[in-house]
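Everything below concerns the one structure shown next.
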Amino acid sequence: MLVLGIETSCDETGLAIYDSQRGLLAHRLYSQVKLHAQYGGVVPELASRDHVRKIIPLLNQVLTDANIAKSDIQGIAYTSGPGLMGALMVGGAMATALGFALAIPVIGVHHMEGHLLAPMLEDHPPQFPFVALLVSGGHTQLVSVKAIGDYQLLGESLDDAAGEAFDKTAKMLDLDYPGGPVLAAMAERGQIDRFDFPRPMTDRPGLDFSFSGLKTFTRNLINQHRGGDVLPDEQTTLDICAGFQEAVVDTLVIKCRRALQQTQMKTLVIAGGVSANSRLRKKLEVALAKDSAEVFYARHEFCIDNGAMIAYAGCQRLAAGQRNDLAISATPRWPLDQLPSLLPSL
């Protein structure tokens, strides 16, 4: 089955062509980072308008890259949530209009299911069942995954997601946008153990997360080292970045090991934008090796929002007979464990 995937949930426009027999044939991604940088964050209306400008040129590019025509497409998958309503509507409108014109099935895909399944695009994908750590700017969740659509939420952030905590801390330090990756890069040059950062909620049972207290600790630390309105000196800034990142990473590692022990599984998948963090990958690999467990993740280009993960996830559901009608589906808030399983349709 030849499926077009469309991702427009936030500030990346991603399109891809996935073939159930040959795998990923083409993918293109346009990032709006430069557009939103001057505002220090995503402006929803500007994001929606930019998706409108970019989506058709990107469609033409992926068709050329895959050496196919529109008429060759057999199904369309688009992100229908979670995300920004206006941005979701752009992808949904494109998908449903094209599906109607070509008389082919269309399906709305859960954005986080796309991330969760992104490692399946690799040459050596994980095998079910596994525990997934979904970690991004908007989500920090631990999920038991028995099959596609068979998800059980084990724990989640009670306040800020890990990626959001990275971005907000970067903003406190007046770092360039997007702040999370900049902070992570600066952390590589800092001293990890200069400051005693807390590891929130690791001293009690459970698999939930909370990063608001860590964020407050970091804000107070920054203020202690300010000179009036002047931010801390460069080395102190680097050391704060390193200590903050280590605290977040350690917290995630502790909770992941706990989730694997609780479920008695030996496979962990990390997905979402923060899964690209090299320190997180390294510490998870080392920690899980002690437990005879293994960690899987997607290549860096598929950690961020992209059309390939939506095309793959949509292809699995379309092949199982699932599809939407031609009403545009846009669900800004959508719990992952509400998704239907593939099994009843097989």
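By convention here, the chains of the structure tokens are called A, B, ... in the order presented, each chain's residues are numbered starting at 1, and ligands are numbered starting at 1 in the order presented.
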
Determine, for each residue of segment 262-292 of chain A having at least one atom at most 8 Å from an atom of segment 301-313 of chain A, the closest pair of atoms and their separation in Å to one decimal, counting only C-alpha atoms; order by chain and ascending number, as CSV.
```
residue,atom,partner,partner_atom,distance
A:Ala271,CA,A:Cys303,CA,6.2
A:Gly272,CA,A:Cys303,CA,5.1
A:Gly273,CA,A:Ile304,CA,4.7
A:Val274,CA,A:Cys303,CA,7.6
A:Ser275,CA,A:Cys303,CA,6.4
A:Ala276,CA,A:Cys303,CA,6.1
```

Please dump the current selection as a PDB file, in the first residue's frame; keep all heavy atoms.
```pdb
ATOM      1  N   ALA A 271      11.111   8.111  22.248  1.00  0.00           N
ATOM      2  CA  ALA A 271      10.657   8.807  21.058  1.00  0.00           C
ATOM      3  C   ALA A 271      10.229  10.224  21.403  1.00  0.00           C
ATOM      4  O   ALA A 271       9.926  10.533  22.558  1.00  0.00           O
ATOM      5  CB  ALA A 271       9.499   8.048  20.412  1.00  0.00           C
ATOM      6  N   GLY A 272      10.198  11.092  20.389  1.00  0.00           N
ATOM      7  CA  GLY A 272       9.896  12.497  20.604  1.00  0.00           C
ATOM      8  C   GLY A 272      11.161  13.320  20.522  1.00  0.00           C
ATOM      9  O   GLY A 272      12.283  12.788  20.484  1.00  0.00           O
ATOM     10  N   GLY A 273      11.020  14.632  20.490  1.00  0.00           N
ATOM     11  CA  GLY A 273      12.161  15.521  20.262  1.00  0.00           C
ATOM     12  C   GLY A 273      13.309  15.345  21.234  1.00  0.00           C
ATOM     13  O   GLY A 273      14.480  15.382  20.840  1.00  0.00           O
ATOM     14  N   VAL A 274      13.007  15.135  22.520  1.00  0.00           N
ATOM     15  CA  VAL A 274      14.071  15.006  23.529  1.00  0.00           C
ATOM     16  C   VAL A 274      14.817  13.690  23.386  1.00  0.00           C
ATOM     17  O   VAL A 274      15.931  13.537  23.899  1.00  0.00           O
ATOM     18  CB  VAL A 274      13.481  15.186  24.942  1.00  0.00           C
ATOM     19  CG1 VAL A 274      14.562  15.099  26.017  1.00  0.00           C
ATOM     20  CG2 VAL A 274      12.770  16.529  25.067  1.00  0.00           C
ATOM     21  N   SER A 275      14.244  12.716  22.669  1.00  0.00           N
ATOM     22  CA  SER A 275      14.941  11.439  22.473  1.00  0.00           C
ATOM     23  C   SER A 275      16.210  11.610  21.637  1.00  0.00           C
ATOM     24  O   SER A 275      17.049  10.708  21.582  1.00  0.00           O
ATOM     25  CB  SER A 275      14.023  10.411  21.820  1.00  0.00           C
ATOM     26  OG  SER A 275      13.731  10.738  20.473  1.00  0.00           O
ATOM     27  N   ALA A 276      16.359  12.773  20.994  1.00  0.00           N
ATOM     28  CA  ALA A 276      17.587  13.051  20.239  1.00  0.00           C
ATOM     29  C   ALA A 276      18.732  13.470  21.148  1.00  0.00           C
ATOM     30  O   ALA A 276      19.886  13.548  20.697  1.00  0.00           O
ATOM     31  CB  ALA A 276      17.326  14.138  19.200  1.00  0.00           C
TER      32      ALA A 276
END
```

Next item on the list: Please identify all polymer residues within 8 Å of Asp159 of chain A, counting only C-alpha atoms, omitting same-chain residues fewer than 2 positions from it, and present them as a list in words.
Entry: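 Once the adjacent positions are removed, what remains is Ser157, Ala161, Phe209, Ser210, Phe211 and Ser212 of chain A.
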
Mind running segment 251-338 of chain A against segment 103-107 of chain A at 8 Å and telling me each contacting residue's nearest atom pair with the distance in Å (one decimal), counting only C-alpha atoms, chain and number ascending, as JSON lines?
```
{"residue": "A:Gly314", "atom": "CA", "partner": "A:Ile107", "partner_atom": "CA", "distance": 6.5}
{"residue": "A:Arg317", "atom": "CA", "partner": "A:Ile107", "partner_atom": "CA", "distance": 7.9}
{"residue": "A:Leu318", "atom": "CA", "partner": "A:Ile107", "partner_atom": "CA", "distance": 7.1}
{"residue": "A:Gln322", "atom": "CA", "partner": "A:Ile107", "partner_atom": "CA", "distance": 7.3}
{"residue": "A:Arg323", "atom": "CA", "partner": "A:Ile107", "partner_atom": "CA", "distance": 4.7}
{"residue": "A:Asn324", "atom": "CA", "partner": "A:Ile107", "partner_atom": "CA", "distance": 4.9}
{"residue": "A:Asp325", "atom": "CA", "partner": "A:Val106", "partner_atom": "CA", "distance": 7.3}
{"residue": "A:Leu326", "atom": "CA", "partner": "A:Val106", "partner_atom": "CA", "distance": 7.6}
```

Next item on the list: Identify, with DSSP run on backbone atoms, the residues in segment 24-163 of chain A assigned to helix (DSSP H, G or I), and express the list as a PyMOL selection string.
Entry: chain A and resi 33-37+44-66+70-72+85-102+111-121+162-163

Next item on the list: Identify, on the basis of only C-alpha atoms, every residue whose closest approach to segment 252-264 of chain A does not exceed 9 Å; exclude the query and any residue fewer than 4 positions from it along the same chain; express the result as a PyMOL selection string.
Entry: chain A and resi 130-133+142-144+154-155+162+202+206-209+247-248+268+280+283-284+287-288+291+293

Check: Counting only C-alpha atoms, which of A:Gly137, A:Gly227, A:Gly243, A:Pro125 gets nearest to Val42 of chain A?
Finding: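 Of A:Gly137, A:Gly227, A:Gly243, A:Pro125, the one nearest Val42 of chain A is A:Gly137, counting only C-alpha atoms.
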
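Across the model, the gap from atom CA of Ser80 of chain A to atom CA of Val109 of chain A is 5.6 Å.
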
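Candidate residues A:Asp176, A:Lys171, A:Lys282, A:Asn277 were compared for distance to Ala37 of chain A, and the nearest is A:Asp176, using only C-alpha atoms.
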
Next item on the list: Find the residue from A:Gln191, A:Thr79, A:Gln235, A:Gln32 that sits nearest to Thr8 of chain A; use only C-alpha atoms when measuring.
Entry: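 Of all the options, A:Thr79 lies closest to Thr8 of chain A.
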
Note to self: Please determine, counting only C-alpha atoms, which residue among A:Ile148, A:Leu4, A:Ala165, A:Ala330 has the shortest atom-to-atom distance to Ala93 of chain A.
What the structure shows: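 The closest residue to Ala93 of chain A is A:Ala330.
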
Margin query: So, with only C-alpha atoms as the atoms that count, which of A:His36, A:His225, A:Lys266, A:Arg279 lies closest to Glu188 of chain A?
Written below: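 Checking each of A:His36, A:His225, A:Lys266, A:Arg279 against Glu188 of chain A, counting only C-alpha atoms, the winner is A:Arg279.
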
Checklist line | atom CA of Val33 of chain A to atom CA of Leu84 of chain A, straight-line distance in Å | finding: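 Interatomic distance, atom CA of Leu84 of chain A to atom CA of Val33 of chain A: 15.8 Å.
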
Note to self: To one decimal place in Å, what is the distance between atom CA of Val286 of chain A and atom CA of Glu246 of chain A?
What the structure shows: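 Computing it gives 14.5 Å between the two atoms.
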
Next item on the list: Would you mind listing what lies within 12 Å of Asn223 of chain A as a VMD selection string, with only C-alpha atoms counted and same-chain residues fewer than 5 positions away left out?
Entry: chain A and resid 172 to 173 216 to 218 228 to 233 236 to 237 240
